[in-house]
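The structure appears right after this line, and notes come after that.
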Amino acid sequence: MEKNAVFEQKKELERLNMQEELFKPYEQPVYERVLDRPGLLVLDIGSNDGTKTVQRLDYKNVKTVIGLDHNRGLVDAAGKKYSGRCGGTRFVFCVCDVERMDFETQLRACMKTENVPAFDVVHLSFILMHMKNPEKLLERLKHVLAPDGKLLIVDVDDDLSSLTPDRYGLFGEFKGMLARDPFAGDRTCGGRLPDILNRVGYSRIVGERDALCADQTEFRKKEEMFEVFCSYLEEDTAALRKREPANEDYVRWETWLGQNYERLRSAVMAGDTVFSIGIRVITAAI
């Protein structure tokens, strides 16, 4: 993926940390319920540098977490910072690419080394939206999930993202560009996941959360939501313009952002608007 280097940059890591702090109160009740059994063995797909893995999964009931990422540099960084025990949980990080044909072979080798026969919880946070074939991965994960295990999925659904009122249509225009940003993934993936999970044979599929909202008085929350949801389109557009300087869509995006980005920020921060980000939290079992 062309933007892998961005995830190693300080600004992006700071944004990911802000995202973690913003989403944690929204997601935490679900995590606490799913992880409320002693001795849990957990698989985290897309562990990046390990920070979010540890922040979200270091619970007293969790015995071992295996974090997977295809980027060896990030896996090495995670290992240096977090391998061993954090709180009561043991963390292990492995290089493993979920889109490779030999994914299951790679994963089972790691499971054998760590003496993990199957996983009680498989955690995927903002991963499926970036995959070419999320259905195929979800099918494969059935083979490593314990009979009484659970999937815990967090993913985006921009069909539920809104600014009310959006008087000048700025947020609608912004979402339209974001939907066509090749770096931003499938922005409505979360809304289709229940049907996909049912189709590949999962059961007890529950939509636990739908949208993170900030009302008219929650200015700090709006500001953080704007940064997490909106700020990276400028960076993506700059990268796309460099890659395809003659692409008329990207030229228009650059012009629009130059003229309207701060207007959009002001609209979000206005004292009479409600801002929502569609973030689906879904659990499922075999």
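Chain labels A, B, ... are given in the sequence in which chains occur in the structure tokens; within each chain residues are numbered consecutively from 1, and ligands are likewise numbered from 1 in the order shown.
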Requested in this report: Within 9 Å of Gly79 of chain A, counting only C-alpha atoms, which residues show up once you throw out same-chain ones fewer than 4 positions away? Write them as a ChimeraX atom specification, please.
Outcome: /A:49-50,74-75,83-84,91-94
Report task. Mind checking which residues fall within 8 Å of segment 210-214 of chain A, counting only C-alpha atoms, ignoring those fewer than 2 positions away in the same chain, and posting them as a count of residues only? Result -> 20
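Nearest residue to Val251 of chain A, choosing from A:Leu170, A:Met177, A:Cys230, A:Met129 and counting only C-alpha atoms: A:Met177.
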Could you make a table, as a Markdown table, of the residues of segment 34-102 of chain A that have an atom within 12 Å of an atom of segment 131-135 of chain A, each with its nearest atom pair and distance in Å to one decimal, counting only C-alpha atoms, in chain and number order?
| residue | atom | partner | partner_atom | distance |
| --- | --- | --- | --- | --- |
| A:Ile45 | CA | A:Met131 | CA | 12.0 |
| A:Gly46 | CA | A:Met131 | CA | 11.3 |
| A:Asp97 | CA | A:Met131 | CA | 11.1 |
| A:Val98 | CA | A:Met131 | CA | 9.0 |
| A:Glu99 | CA | A:Met131 | CA | 7.7 |
| A:Arg100 | CA | A:Asn133 | CA | 11.3 |
Query raised in the report: Could you work out how far atom CA of Asp159 of chain A lies from atom CA of Arg187 of chain A, giving the answer in Å with one decimal?
Result: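 Straight-line distance from atom CA of Arg187 of chain A to atom CA of Asp159 of chain A works out to 8.2 Å.
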**Report entry** Residue set, segment 31-280 of chain A restricted to strand (DSSP E), as a ChimeraX atom specification
**Finding:** /A:40-45,62-69,84-86,89-95,119-125,145-156,162-164,203-214,274-280
Report task. Can you work out which one of A:Gly88, A:Gly185, A:Arg265, A:Tyr82 has the shortest atom-to-atom distance to Ile127 of chain A, counting only C-alpha atoms? Result -> A:Gly185
Query raised in the report: Within 10 Å of Leu22 of chain A, counting only C-alpha atoms, which residues qualify if same-chain residues fewer than 2 places away don't, as a list in words?
Result: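 The residues satisfying every condition are Leu16, Asn17, Met18, Gln19, Glu20, Lys24, Pro25, Tyr26, Glu27, Leu212, Lys221, Glu224, Met225 and Val228 of chain A.
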